[in-house]
file data-v8.cif (mmCIF, C-alpha atoms)
data_work
loop_
_atom_site.label_atom_id
_atom_site.label_comp_id
_atom_site.auth_asym_id
_atom_site.auth_seq_id
_atom_site.Cartn_x
_atom_site.Cartn_y
_atom_site.Cartn_z
CA MET A 6 24.94 2.92 23.67
CA ASN A 7 25.02 0.39 26.48
CA PRO A 8 23.93 -2.98 25.01
CA GLU A 9 22.53 -3.98 28.41
CA THR A 10 20.09 -1.06 28.45
CA PRO A 11 19.09 -0.48 24.83
CA LYS A 12 17.13 2.60 23.98
CA LYS A 13 13.57 1.96 22.84
CA LEU A 14 12.01 2.92 19.51
CA TYR A 15 8.33 3.53 18.86
CA VAL A 16 7.06 4.02 15.28
CA GLU A 17 3.63 5.19 14.11
CA THR A 18 2.88 4.47 10.45
CA TYR A 19 0.40 6.33 8.26
CA GLY A 20 -0.61 5.81 4.64
CA CYS A 21 -0.13 2.96 2.22
CA GLN A 22 1.43 -0.50 2.44
CA MET A 23 4.68 0.96 1.09
CA ASN A 24 4.94 2.94 4.32
CA VAL A 25 4.32 -0.21 6.35
CA ALA A 26 7.18 -1.90 4.48
CA ASP A 27 9.39 1.16 4.96
CA THR A 28 8.73 1.10 8.70
CA GLU A 29 10.04 -2.47 8.80
CA VAL A 30 13.21 -1.29 7.02
CA VAL A 31 13.60 1.50 9.59
CA GLN A 32 13.12 -0.95 12.46
CA SER A 33 15.74 -3.25 10.95
CA VAL A 34 18.27 -0.39 10.64
CA MET A 35 17.63 0.70 14.22
CA SER A 36 17.65 -2.84 15.62
CA LYS A 37 21.09 -3.44 14.13
CA ASN A 38 22.20 -0.29 15.90
CA GLY A 39 21.14 -1.53 19.32
CA PHE A 40 17.59 -0.25 19.65
CA ALA A 41 14.74 -2.32 21.05
CA MET A 42 11.24 -1.96 19.62
CA THR A 43 8.33 -0.94 21.81
CA SER A 44 4.62 -0.78 21.05
CA THR A 45 4.06 1.80 23.80
CA MET A 46 4.92 5.43 23.17
CA GLU A 47 5.31 6.16 26.88
CA ASN A 48 8.25 3.73 27.07
CA ALA A 49 10.06 5.15 24.06
CA ASP A 50 13.30 7.09 23.91
CA VAL A 51 12.70 7.77 20.21
CA ILE A 52 9.34 8.35 18.51
CA LEU A 53 9.21 8.24 14.72
CA VAL A 54 6.17 9.06 12.59
CA ASN A 55 6.25 7.53 9.11
CA THR A 56 4.07 9.80 6.98
CA CYS A 57 1.96 9.99 3.84
CA SER A 58 1.49 12.95 1.47
CA VAL A 59 -0.81 11.53 -1.18
CA ARG A 60 -3.81 13.58 0.01
CA ASP A 61 -4.12 16.70 2.08
CA ASN A 62 -6.26 15.09 4.78
CA ALA A 63 -3.48 12.57 5.45
CA GLU A 64 -1.05 15.40 6.12
CA GLN A 65 -3.53 17.25 8.33
CA ARG A 66 -3.95 14.12 10.49
CA ILE A 67 -0.19 13.93 10.98
CA ILE A 68 0.16 17.63 11.79
CA ALA A 69 -2.58 17.20 14.40
CA ARG A 70 -0.72 14.20 15.79
CA LEU A 71 2.46 16.24 16.11
CA GLY A 72 0.39 18.69 18.14
CA ASP A 73 -0.38 15.83 20.53
CA PHE A 74 3.34 15.09 20.82
CA LYS A 75 4.01 18.69 21.86
CA HIS A 76 2.39 18.01 25.24
CA TYR A 77 4.28 14.72 25.56
CA LYS A 78 7.58 16.45 24.74
CA LYS A 79 7.03 18.91 27.60
CA GLN A 80 6.64 16.00 29.99
CA ASN A 81 9.65 14.15 28.56
CA PRO A 82 12.03 16.70 27.00
CA ASN A 83 14.72 14.07 26.39
CA VAL A 84 12.63 12.05 23.94
CA VAL A 85 13.69 12.37 20.29
CA ILE A 86 10.84 12.85 17.81
CA GLY A 87 11.29 12.37 14.09
CA VAL A 88 9.18 12.68 10.95
CA LEU A 89 9.91 10.17 8.19
CA GLY A 90 8.69 9.41 4.70
CA CYS A 91 6.77 11.32 2.05
CA MET A 92 5.61 14.23 4.18
CA ALA A 93 9.15 14.70 5.47
CA GLU A 94 10.33 14.93 1.88
CA ARG A 95 7.58 17.26 0.72
CA LEU A 96 7.53 19.64 3.70
CA ARG A 97 11.20 19.48 4.70
CA SER A 98 11.65 23.25 4.85
CA LYS A 99 8.56 23.77 7.02
CA MET A 100 9.61 20.96 9.34
CA MET A 101 12.74 22.87 10.29
CA ASP A 102 11.35 26.39 10.01
CA GLU A 103 11.52 28.11 13.40
CA ASN A 104 8.43 30.11 12.45
CA VAL A 105 6.27 26.97 12.20
CA GLN A 106 6.03 26.49 15.93
CA THR A 107 3.54 23.61 15.96
CA ILE A 108 6.02 21.44 14.09
CA ASN A 109 9.43 22.90 14.91
CA SER A 110 9.02 22.79 18.67
CA VAL A 111 8.32 19.07 18.51
CA VAL A 112 10.37 17.65 15.62
CA ASP A 113 14.06 16.88 16.13
CA ILE A 114 14.84 15.05 12.89
CA VAL A 115 13.33 14.94 9.40
CA VAL A 116 14.26 12.00 7.17
CA GLY A 117 13.05 11.26 3.65
CA PRO A 118 12.33 7.75 2.30
CA ASP A 119 15.78 7.31 0.72
CA GLU A 120 17.82 8.33 3.77
CA TYR A 121 16.89 5.78 6.43
CA ARG A 122 20.47 4.52 6.72
CA LYS A 123 21.36 7.88 8.32
CA LEU A 124 18.83 7.51 11.14
CA PRO A 125 21.22 6.13 13.82
CA GLN A 126 23.65 9.03 13.36
CA LEU A 127 20.91 11.66 13.28
CA ILE A 128 19.27 10.23 16.39
CA ASP A 129 22.59 10.15 18.29
CA GLU A 130 23.11 13.81 17.38
CA ALA A 131 19.54 14.64 18.43
CA PHE A 132 20.21 13.18 21.88
CA ASP A 133 22.98 15.77 22.10
CA GLY A 134 20.54 18.56 21.28
CA GLU A 135 21.10 18.92 17.54
CA LYS A 136 18.32 19.00 14.98
CA GLY A 137 18.93 16.98 11.83
CA ILE A 138 17.55 16.65 8.31
CA ALA A 139 18.28 14.14 5.52
CA VAL A 140 15.91 14.27 2.57
CA ARG A 141 18.02 13.70 -0.52
CA LEU A 142 16.26 11.52 -3.10
CA SER A 143 18.35 8.74 -4.62
CA ARG A 144 18.54 7.21 -8.07
CA VAL A 145 19.86 3.93 -6.68
CA GLU A 146 18.74 3.35 -3.07
CA ASN A 147 16.38 0.36 -2.84
CA TYR A 148 17.44 -1.11 0.55
CA ASP A 149 18.15 -4.34 -1.33
CA ASP A 150 20.56 -5.58 1.36
CA ILE A 151 18.28 -4.94 4.35
CA ILE A 152 16.03 -7.70 5.63
CA PRO A 153 13.03 -5.87 7.12
CA PHE A 154 12.31 -6.25 10.82
CA ARG A 155 9.21 -8.46 11.08
CA ALA A 156 7.41 -10.16 13.90
CA ASP A 157 6.25 -13.70 13.19
CA GLY A 158 3.00 -13.87 11.26
CA ILE A 159 1.37 -15.24 8.15
CA SER A 160 1.44 -12.25 5.76
CA ALA A 161 4.38 -10.03 4.81
CA TRP A 162 4.77 -6.91 2.65
CA ILE A 163 7.80 -6.81 0.34
CA SER A 164 8.87 -3.67 -1.52
CA VAL A 165 10.27 -4.82 -4.86
CA MET A 166 10.86 -1.35 -6.30
CA ARG A 167 10.74 2.28 -5.28
CA GLY A 168 9.69 5.54 -6.89
CA CYS A 169 7.72 6.31 -10.05
CA ASP A 170 8.51 7.73 -13.51
CA LYS A 171 4.95 8.40 -14.66
CA PHE A 172 4.49 11.99 -13.41
CA CYS A 173 0.70 11.96 -13.42
CA THR A 174 -0.31 15.58 -13.10
CA PHE A 175 -2.13 15.00 -9.78
CA CYS A 176 0.47 12.82 -8.06
CA VAL A 177 3.21 13.86 -5.67
CA VAL A 178 4.93 10.44 -5.53
CA PRO A 179 7.77 11.19 -8.02
CA PHE A 180 8.63 14.23 -5.89
CA THR A 181 8.48 12.45 -2.53
CA ARG A 182 9.81 9.00 -3.47
CA GLY A 183 11.94 9.79 -6.50
CA ARG A 184 12.45 7.93 -9.76
CA GLU A 185 11.93 4.23 -10.40
CA ARG A 186 14.55 1.72 -9.33
CA SER A 187 14.07 -2.00 -8.80
CA ARG A 188 15.62 -4.55 -6.51
CA THR A 189 17.30 -7.62 -7.93
CA VAL A 190 15.18 -10.72 -8.46
CA ALA A 191 17.69 -12.71 -6.40
CA SER A 192 17.32 -10.49 -3.32
CA VAL A 193 13.51 -10.61 -3.41
CA VAL A 194 13.48 -14.38 -3.90
CA ASN A 195 15.89 -14.81 -0.97
CA GLU A 196 13.60 -12.70 1.20
CA VAL A 197 10.63 -14.86 0.23
CA ARG A 198 12.61 -18.02 1.05
CA GLU A 199 13.39 -16.62 4.48
CA LEU A 200 9.73 -15.83 5.07
CA SER A 201 8.69 -19.30 3.93
CA SER A 202 11.16 -20.88 6.36
CA ARG A 203 9.56 -18.85 9.17
CA GLY A 204 6.09 -20.13 8.33
CA PHE A 205 4.65 -17.14 6.48
CA LYS A 206 1.77 -18.11 4.18
CA GLU A 207 1.39 -15.02 2.01
CA VAL A 208 3.58 -12.30 0.50
CA TYR A 209 2.37 -9.02 -0.94
CA LEU A 210 4.74 -7.44 -3.49
CA LEU A 211 4.73 -3.65 -3.46
CA GLY A 212 5.69 -0.86 -5.81
CA GLN A 213 4.21 2.39 -7.08
CA ASN A 214 4.10 0.63 -10.46
CA VAL A 215 5.14 -3.02 -10.12
CA ASN A 216 4.51 -3.61 -13.82
CA SER A 217 7.61 -1.61 -14.70
CA PHE A 218 9.86 -3.67 -12.42
CA LEU A 219 13.18 -4.47 -14.12
CA ASP A 220 16.22 -6.18 -12.64
CA LEU A 221 19.04 -4.33 -14.42
CA GLU A 222 21.52 -7.14 -13.72
CA THR A 223 19.50 -9.89 -15.37
CA GLU A 224 16.92 -7.91 -17.40
CA LYS A 225 14.19 -9.95 -15.75
CA ASP A 226 10.80 -8.21 -15.58
CA PHE A 227 7.90 -8.42 -13.15
CA SER A 228 6.48 -11.53 -14.81
CA ASP A 229 9.81 -13.29 -14.30
CA LEU A 230 9.93 -12.16 -10.68
CA LEU A 231 6.40 -13.45 -10.03
CA SER A 232 7.24 -16.82 -11.59
CA GLU A 233 10.33 -17.29 -9.45
CA ILE A 234 8.54 -16.26 -6.26
CA ALA A 235 5.62 -18.58 -7.01
CA ASN A 236 8.09 -21.46 -7.26
CA VAL A 237 9.75 -20.78 -3.90
CA ASP A 238 6.84 -22.25 -1.97
CA ARG A 239 3.77 -23.49 -3.80
CA THR A 240 1.72 -23.26 -0.59
CA MET A 241 2.49 -19.55 -0.21
CA ARG A 242 0.05 -17.09 -1.74
CA VAL A 243 1.48 -14.23 -3.80
CA ARG A 244 -0.29 -10.87 -4.18
CA PHE A 245 0.89 -7.56 -5.60
CA THR A 246 0.01 -3.91 -6.03
CA THR A 247 -0.09 -1.44 -7.76
CA SER A 248 -0.40 -1.97 -11.52
CA HIS A 249 -0.31 0.80 -14.10
CA PRO A 250 -2.53 0.06 -17.12
CA GLN A 251 0.11 1.21 -19.60
CA ASP A 252 2.66 -1.36 -18.46
CA MET A 253 0.58 -4.49 -17.82
CA SER A 254 1.65 -7.04 -20.43
CA GLU A 255 -0.06 -10.16 -21.70
CA LYS A 256 3.01 -12.06 -20.45
CA LEU A 257 2.20 -10.90 -16.93
CA ILE A 258 -1.46 -11.85 -17.29
CA ARG A 259 -0.49 -15.34 -18.48
CA THR A 260 1.91 -15.71 -15.57
CA ILE A 261 -0.87 -14.96 -13.09
CA ALA A 262 -3.20 -17.37 -14.87
CA GLY A 263 -0.61 -20.16 -14.94
CA ASN A 264 0.27 -20.26 -11.23
CA GLU A 265 -2.25 -21.47 -8.70
CA ASN A 266 -0.65 -19.61 -5.80
CA ILE A 267 -0.54 -16.23 -7.55
CA CYS A 268 -3.82 -14.70 -6.44
CA LYS A 269 -6.39 -13.84 -9.08
CA PHE A 270 -6.88 -10.29 -7.91
CA ILE A 271 -5.61 -7.23 -9.79
CA HIS A 272 -5.75 -3.65 -8.59
CA LEU A 273 -5.85 -1.61 -11.80
CA PRO A 274 -6.32 2.14 -11.21
CA VAL A 275 -8.37 3.80 -13.94
CA GLN A 276 -8.70 7.25 -12.24
CA SER A 277 -11.32 8.42 -14.78
CA GLY A 278 -13.50 7.05 -17.56
CA SER A 279 -13.14 10.22 -19.60
CA ASP A 280 -10.40 10.31 -22.23
CA ARG A 281 -10.20 14.09 -21.90
CA ILE A 282 -9.55 13.85 -18.17
CA LEU A 283 -7.13 10.94 -18.60
CA GLU A 284 -5.09 13.09 -20.97
CA LEU A 285 -5.11 15.98 -18.50
CA MET A 286 -3.98 13.56 -15.82
CA ASN A 287 -1.11 12.35 -18.07
CA ARG A 288 -2.20 8.76 -17.53
CA THR A 289 -0.62 7.69 -20.89
CA TYR A 290 -3.55 5.44 -21.88
CA ASP A 291 -7.13 6.01 -23.00
CA SER A 292 -10.37 4.27 -22.10
CA LYS A 293 -10.13 1.99 -25.16
CA HIS A 294 -6.72 0.69 -24.09
CA TYR A 295 -7.99 0.17 -20.55
CA ARG A 296 -11.05 -1.77 -21.71
CA SER A 297 -8.94 -3.97 -24.00
CA LEU A 298 -6.65 -4.75 -21.07
CA VAL A 299 -9.60 -5.80 -18.94
CA ASP A 300 -10.78 -8.02 -21.83
CA LYS A 301 -7.36 -9.75 -21.90
CA ILE A 302 -7.45 -10.29 -18.15
CA ARG A 303 -10.91 -11.85 -18.30
CA LYS A 304 -9.96 -13.99 -21.29
CA HIS A 305 -6.98 -15.57 -19.53
CA ILE A 306 -8.24 -15.34 -15.91
CA PRO A 307 -12.04 -15.71 -16.07
CA ASN A 308 -12.43 -15.71 -12.29
CA ALA A 309 -10.23 -12.65 -11.68
CA SER A 310 -11.52 -9.86 -9.49
CA LEU A 311 -10.64 -6.25 -10.23
CA SER A 312 -10.44 -3.17 -8.06
CA THR A 313 -9.55 0.37 -9.02
CA ASP A 314 -8.79 3.94 -7.93
CA ILE A 315 -10.90 6.89 -9.07
CA ILE A 316 -10.35 10.61 -8.53
CA VAL A 317 -13.52 12.66 -8.31
CA GLY A 318 -13.65 16.32 -9.31
CA PHE A 319 -10.34 16.65 -11.14
CA PRO A 320 -9.91 20.20 -12.52
CA THR A 321 -12.40 20.96 -15.35
CA GLU A 322 -14.27 17.68 -14.80
CA THR A 323 -17.75 18.14 -16.28
CA GLU A 324 -20.93 16.24 -15.62
CA GLU A 325 -20.35 14.39 -18.91
CA ASP A 326 -16.86 13.34 -17.72
CA HIS A 327 -18.37 12.14 -14.47
CA GLN A 328 -21.02 10.11 -16.28
CA GLN A 329 -18.36 8.52 -18.48
CA THR A 330 -16.58 7.33 -15.34
CA MET A 331 -19.85 5.99 -13.94
CA ALA A 332 -20.43 4.15 -17.22
CA MET A 333 -16.92 2.67 -17.03
CA MET A 334 -17.56 1.44 -13.50
CA LYS A 335 -20.81 -0.19 -14.53
CA GLU A 336 -19.33 -1.78 -17.66
CA ILE A 337 -16.20 -3.17 -15.98
CA GLY A 338 -18.01 -4.26 -12.83
CA TYR A 339 -15.26 -3.69 -10.28
CA ASP A 340 -15.29 -5.83 -7.17
CA GLY A 341 -14.13 -2.81 -5.23
CA ALA A 342 -13.01 0.77 -5.76
CA PHE A 343 -11.10 3.41 -3.80
CA MET A 344 -12.64 6.77 -4.65
CA PHE A 345 -11.44 10.16 -3.46
CA HIS A 346 -12.02 13.88 -3.94
CA TYR A 347 -9.29 15.52 -5.97
CA SER A 348 -6.73 17.08 -3.62
CA PRO A 349 -4.24 19.64 -5.03
CA ARG A 350 -0.65 18.78 -4.16
CA GLU A 351 2.27 21.18 -4.35
CA ASN A 352 4.93 20.45 -7.01
CA THR A 353 2.48 18.61 -9.24
CA LYS A 354 1.51 20.12 -12.59
CA ALA A 355 -2.19 20.23 -11.66
CA PHE A 356 -1.42 22.32 -8.57
CA ASN A 357 -1.10 25.34 -10.85
CA TRP A 358 -4.56 24.78 -12.33
CA ASP A 359 -7.82 26.11 -10.90
CA ASP A 360 -9.45 23.60 -8.58
CA ASP A 361 -12.71 24.60 -10.24
CA VAL A 362 -15.07 21.79 -9.25
CA SER A 363 -16.91 22.87 -6.11
CA GLN A 364 -16.77 20.80 -2.95
CA GLU A 365 -20.54 20.39 -3.13
CA ILE A 366 -20.31 18.86 -6.62
CA LYS A 367 -17.37 16.66 -5.62
CA THR A 368 -19.31 15.37 -2.63
CA ARG A 369 -22.39 14.63 -4.73
CA ARG A 370 -20.41 12.83 -7.44
CA LEU A 371 -18.49 10.79 -4.89
CA TYR A 372 -21.75 9.79 -3.20
CA GLU A 373 -23.18 8.62 -6.54
CA MET A 374 -20.08 6.57 -7.26
CA ASN A 375 -20.07 5.00 -3.81
CA GLU A 376 -23.72 4.03 -4.15
CA MET A 377 -23.15 2.50 -7.56
CA GLN A 378 -20.07 0.60 -6.39
CA ARG A 379 -21.91 -0.74 -3.35
CA GLU A 380 -24.62 -2.08 -5.64
CA ILE A 381 -22.11 -3.61 -8.07
CA SER A 382 -20.12 -5.25 -5.26
CA PHE A 383 -23.28 -6.70 -3.72
CA LYS A 384 -24.45 -8.19 -7.03
CA LEU A 385 -21.04 -9.73 -7.70
CA ASN A 386 -20.91 -11.17 -4.20
CA GLN A 387 -24.40 -12.61 -4.51
CA LYS A 388 -23.15 -14.76 -7.39
CA LEU A 389 -20.80 -16.46 -4.94
CA ILE A 390 -23.57 -17.79 -2.69
CA GLY A 391 -23.30 -21.57 -2.80
CA THR A 392 -19.73 -21.61 -4.12
CA ILE A 393 -16.80 -23.18 -2.28
CA GLU A 394 -13.91 -20.76 -1.72
CA THR A 395 -10.35 -21.42 -0.60
CA ILE A 396 -9.53 -19.23 2.39
CA LEU A 397 -6.33 -18.50 4.27
CA VAL A 398 -7.27 -18.10 7.94
CA GLU A 399 -5.82 -14.69 8.84
CA SER A 400 -7.20 -13.51 12.16
CA GLU A 401 -10.06 -13.50 14.59
CA SER A 402 -13.12 -11.62 13.37
CA LYS A 403 -13.33 -8.07 14.69
CA LYS A 404 -16.98 -8.58 15.66
CA SER A 405 -16.90 -12.03 17.27
CA SER A 406 -14.33 -14.06 19.18
CA GLU A 407 -16.17 -17.17 17.96
CA GLU A 408 -15.33 -16.51 14.30
CA PHE A 409 -12.29 -16.27 12.07
CA CYS A 410 -11.64 -13.94 9.18
CA GLY A 411 -9.77 -14.67 5.96
CA ARG A 412 -9.67 -13.79 2.28
CA THR A 413 -10.38 -15.59 -0.92
CA ASP A 414 -7.90 -15.93 -3.74
CA THR A 415 -9.74 -12.96 -5.27
CA ASN A 416 -9.26 -10.79 -2.15
CA LYS A 417 -12.78 -10.97 -0.76
CA THR A 418 -13.15 -10.98 3.02
CA VAL A 419 -14.87 -14.08 4.46
CA ILE A 420 -16.18 -14.67 7.99
CA PHE A 421 -16.70 -18.22 9.27
CA PRO A 422 -16.92 -20.18 12.58
CA LYS A 423 -13.61 -21.00 14.29
CA GLU A 424 -14.27 -24.70 14.90
CA ASN A 425 -10.89 -26.42 15.37
CA LEU A 426 -8.96 -24.12 13.04
CA LYS A 427 -5.92 -21.95 13.64
CA VAL A 428 -4.45 -18.89 11.96
CA GLY A 429 -2.43 -19.95 8.91
CA ASP A 430 -4.67 -22.86 7.90
CA TYR A 431 -6.03 -23.12 4.39
CA VAL A 432 -9.69 -24.14 4.43
CA GLN A 433 -12.59 -24.54 2.05
CA VAL A 434 -15.60 -22.45 2.97
CA LYS A 435 -19.06 -22.71 1.45
CA ILE A 436 -20.53 -19.23 1.06
CA GLU A 437 -24.03 -18.94 2.53
CA ARG A 438 -24.76 -15.21 2.63
CA VAL A 439 -23.13 -11.93 1.60
CA ASN A 440 -23.27 -8.17 1.76
CA SER A 441 -21.47 -5.65 -0.42
CA ALA A 442 -18.20 -5.93 1.53
CA THR A 443 -18.10 -9.39 3.13
CA LEU A 444 -18.90 -13.06 2.51
CA PHE A 445 -20.15 -15.38 5.26
CA GLY A 446 -19.96 -19.15 5.24
CA ARG A 447 -19.09 -22.45 6.92
CA VAL A 448 -16.00 -24.61 6.70
CA ILE A 449 -16.43 -27.85 4.80
CA GLY A 450 -12.82 -29.06 4.84
CA ASN A 451 -9.13 -28.27 4.63
CA TYR A 452 -7.36 -27.36 1.39
CA SER A 453 -4.03 -28.48 -0.08
CA PHE A 454 -2.37 -26.75 -3.02
CA GLY A 455 -1.94 -28.93 -6.07
CA HIS A 456 -4.95 -31.12 -5.28
#
call {"tool": "encode", "arguments": {"input": "data-v8.cif", "output": "structure tokens"}}
result
Amino acid sequence: MNPETPKKLYVETYGCQMNVADTEVVQSVMSKNGFAMTSTMENADVILVNTCSVRDNAEQRIIARLGDFKHYKKQNPNVVIGVLGCMAERLRSKMMDENVQTINSVVDIVVGPDEYRKLPQLIDEAFDGEKGIAVRLSRVENYDDIIPFRADGISAWISVMRGCDKFCTFCVVPFTRGRERSRTVASVVNEVRELSSRGFKEVYLLGQNVNSFLDLETEKDFSDLLSEIANVDRTMRVRFTTSHPQDMSEKLIRTIAGNENICKFIHLPVQSGSDRILELMNRTYDSKHYRSLVDKIRKHIPNASLSTDIIVGFPTETEEDHQQTMAMMKEIGYDGAFMFHYSPRENTKAFNWDDDVSQEIKTRRLYEMNEMQREISFKLNQKLIGTIETILVESESKKSSEEFCGRTDTNKTVIFPKENLKVGDYVQVKIERVNSATLFGRVIGNYSFGH
């Protein structure tokens, strides 16, 4: 490749924050191999789509998008198009099947989440007319030595581990991202130091189950990792997701409580309030354990906010099961919840079960949960009227160029006038009004950590 005329790479990313972080790894690999990044598909020599397979509707969106690329490929037959990530792993045979014309006529390469180091070679071969596939899952690959490609900013996503060992009966992640393996504490801390030196103000640690993080070289766990990261830069906020209720320890809770810059927000997926359904899901905890964990969190971190994930209409879910989940939501009082219809996924244990809850019932139950959560969120937010919250200024408000947007320590979105502020400032905002999703206020001063 001529270094004076580098080929251009365009990446579209779908799905969770893990995919966003993976895209940055891909961009780093390709940048080191002479590619330039472009934000415009029309300028690209290579188009990569980083995909999600968690729910069926996510895959359908991507398949539709590949249909759009079919027209673009006719106009520019030399462009290389690749599918990356979870969907590439799950549907690898279909991606290269000559009988699946919608996909095969467009896609040149298919690369799973553990094979991104092979992208430069596969792309070079694709320019010569060869189709390529690399989807082998690894027991060791964690991209520990790759510094992700990031534009300057204030917030960064950092993958601290990959894969999952839980094998929940509804979840495809162990089959698309493989088994658990963690990075070393030293490599993550070095990455945070580099981000701090570039002026980043917040890091978000990612893993399918961060609570089971374990550095095999030092035997340091996630609590130890959090402590070391918090000490890198006391003015840098630290967030993380996702936690599994089975593996959240009191040591971890105390670590969060004891560090001002570790945000007091915990995403703790419950999935269902019914012990019968939890057992069918292979969640490895019951509602009693979950409630006791929430009690420990609120004992040590009284101001903590909690969010959760809930699956609606899991196979055999009865009205009683549904009501038990509603009761759990009301009792815990989540600040927010991500709620979804159950979606059968191939390779999972539940895929072989009858999806016996009708779409009509799923829709009704999901509506009831959404209405209840909206009411709970509004009541919790109302309690914050008159309080003074510490906000990291993140961006301009989507609705007004005269306002900024930021988040509280507890992950609540706040809108406030710009005044003489800039992105990256820490400010104190007095909350004056709220709705179920957003707080609104005015700036009363700047904020310094440790004061």
call {"tool": "resolve_selection", "arguments": {"input": "data-v8.cif", "expression": "the PyMOL selection byres ((chain A and resi 294) around 12)", "output": "PyMOL selection string"}}
result
chain A and resi 249-254+275+278+280+283+288-293+295-301
call {"tool": "write_last_selection", "arguments": {"input": "data-v8.cif", "atoms": "C-alpha atoms", "output": "mmCIF file, keeping the file's coordinate frame"}}
result
data_model
loop_
_atom_site.group_PDB
_atom_site.id
_atom_site.type_symbol
_atom_site.label_atom_id
_atom_site.label_comp_id
_atom_site.auth_asym_id
_atom_site.auth_seq_id
_atom_site.Cartn_x
_atom_site.Cartn_y
_atom_site.Cartn_z
ATOM 1 C CA HIS A 249 -0.310 0.800 -14.100
ATOM 2 C CA PRO A 250 -2.530 0.060 -17.120
ATOM 3 C CA GLN A 251 0.110 1.210 -19.600
ATOM 4 C CA ASP A 252 2.660 -1.360 -18.460
ATOM 5 C CA MET A 253 0.580 -4.490 -17.820
ATOM 6 C CA SER A 254 1.650 -7.040 -20.430
ATOM 7 C CA VAL A 275 -8.370 3.800 -13.940
ATOM 8 C CA GLY A 278 -13.500 7.050 -17.560
ATOM 9 C CA ASP A 280 -10.400 10.310 -22.230
ATOM 10 C CA LEU A 283 -7.130 10.940 -18.600
ATOM 11 C CA ARG A 288 -2.200 8.760 -17.530
ATOM 12 C CA THR A 289 -0.620 7.690 -20.890
ATOM 13 C CA TYR A 290 -3.550 5.440 -21.880
ATOM 14 C CA ASP A 291 -7.130 6.010 -23.000
ATOM 15 C CA SER A 292 -10.370 4.270 -22.100
ATOM 16 C CA LYS A 293 -10.130 1.990 -25.160
ATOM 17 C CA TYR A 295 -7.990 0.170 -20.550
ATOM 18 C CA ARG A 296 -11.050 -1.770 -21.710
ATOM 19 C CA SER A 297 -8.940 -3.970 -24.000
ATOM 20 C CA LEU A 298 -6.650 -4.750 -21.070
ATOM 21 C CA VAL A 299 -9.600 -5.800 -18.940
ATOM 22 C CA ASP A 300 -10.780 -8.020 -21.830
ATOM 23 C CA LYS A 301 -7.360 -9.750 -21.900
#
call {"tool": "atom_distance", "arguments": {"input": "data-v8.cif", "atom1": "atom CA of Leu397 of chain A", "atom2": "atom CA of Gly411 of chain A"}}
result
5.4 Å
call {"tool": "residues_near_point", "arguments": {"input": "data-v8.cif", "point": "(19.0, 8.9, -2.8)", "cutoff": "9 Å", "atoms": "all atoms listed in the file", "output": "list in words"}}
result
Pro118, Asp119, Glu120, Val140, Arg141, Leu142, Ser143, Arg144, Val145, Glu146, Asn147 and Gly183 of chain A
call {"tool": "closest_residue", "arguments": {"input": "data-v8.cif", "among": "A:Asn266, A:Asn308, A:Asn83, A:Ser406", "to": "Arg239 of chain A", "atoms": "all atoms listed in the file"}}
result
A:Asn266
call {"tool": "closest_residue", "arguments": {"input": "data-v8.cif", "among": "A:Ala26, A:Val116, A:Leu371, A:Met286", "to": "Met92 of chain A", "atoms": "all atoms listed in the file"}}
result
A:Val116
call {"tool": "atom_distance", "arguments": {"input": "data-v8.cif", "atom1": "atom CA of Val194 of chain A", "atom2": "atom CA of Glu233 of chain A"}}
result
7.0 Å
call {"tool": "closest_residue", "arguments": {"input": "data-v8.cif", "among": "A:Arg122, A:His305, A:Lys403, A:Lys367", "to": "Met344 of chain A", "atoms": "all atoms listed in the file"}}
result
A:Lys367
call {"tool": "atom_distance", "arguments": {"input": "data-v8.cif", "atom1": "atom CA of Ile159 of chain A", "atom2": "atom CA of Ala191 of chain A"}}
result
22.0 Å
call {"tool": "closest_residue", "arguments": {"input": "data-v8.cif", "among": "A:Gln329, A:Ser441, A:Gln433, A:Ile316", "to": "Gly341 of chain A", "atoms": "only C-alpha atoms"}}
result
A:Ser441
call {"tool": "closest_residue", "arguments": {"input": "data-v8.cif", "among": "A:Ala342, A:Val112, A:Leu311, A:Met241", "to": "Lys269 of chain A", "atoms": "only C-alpha atoms"}}
result
A:Leu311
call {"tool": "resolve_selection", "arguments": {"input": "data-v8.cif", "expression": "the PyMOL selection byres ((chain A and resi 35-50) around 12)", "output": "PyMOL selection string"}}
result
chain A and resi 6-18+28-34+51-54+73-74+77-78+80-87+121-129+131-132+151-156
call {"tool": "resolve_selection", "arguments": {"input": "data-v8.cif", "expression": "the PyMOL selection byres ((chain A and resi 418) around 12)", "output": "ChimeraX atom specification"}}
result
/A:340-341,386,394-400,402,409-417,419-421,434,436,439-446
call {"tool": "build_atoms", "arguments": {"input": "data-v8.cif", "residues": "segment 167-171 of chain A", "atoms": "N, CA and C atoms", "output": "mmCIF file, in the coordinates of the input"}}
result
data_model
loop_
_atom_site.group_PDB
_atom_site.id
_atom_site.type_symbol
_atom_site.label_atom_id
_atom_site.label_comp_id
_atom_site.auth_asym_id
_atom_site.auth_seq_id
_atom_site.Cartn_x
_atom_site.Cartn_y
_atom_site.Cartn_z
ATOM 1 N N ARG A 167 11.061 1.021 -5.909
ATOM 2 C CA ARG A 167 10.740 2.280 -5.280
ATOM 3 C C ARG A 167 10.582 3.356 -6.352
ATOM 4 N N GLY A 168 9.823 4.401 -6.009
ATOM 5 C CA GLY A 168 9.690 5.540 -6.890
ATOM 6 C C GLY A 168 8.751 5.324 -8.063
ATOM 7 N N CYS A 169 8.623 6.364 -8.892
ATOM 8 C CA CYS A 169 7.720 6.310 -10.050
ATOM 9 C C CYS A 169 8.199 7.298 -11.107
ATOM 10 N N ASP A 170 8.105 6.885 -12.377
ATOM 11 C CA ASP A 170 8.510 7.730 -13.510
ATOM 12 C C ASP A 170 7.330 8.282 -14.301
ATOM 13 N N LYS A 171 6.106 8.060 -13.839
ATOM 14 C CA LYS A 171 4.950 8.400 -14.660
ATOM 15 C C LYS A 171 4.606 9.895 -14.645
#
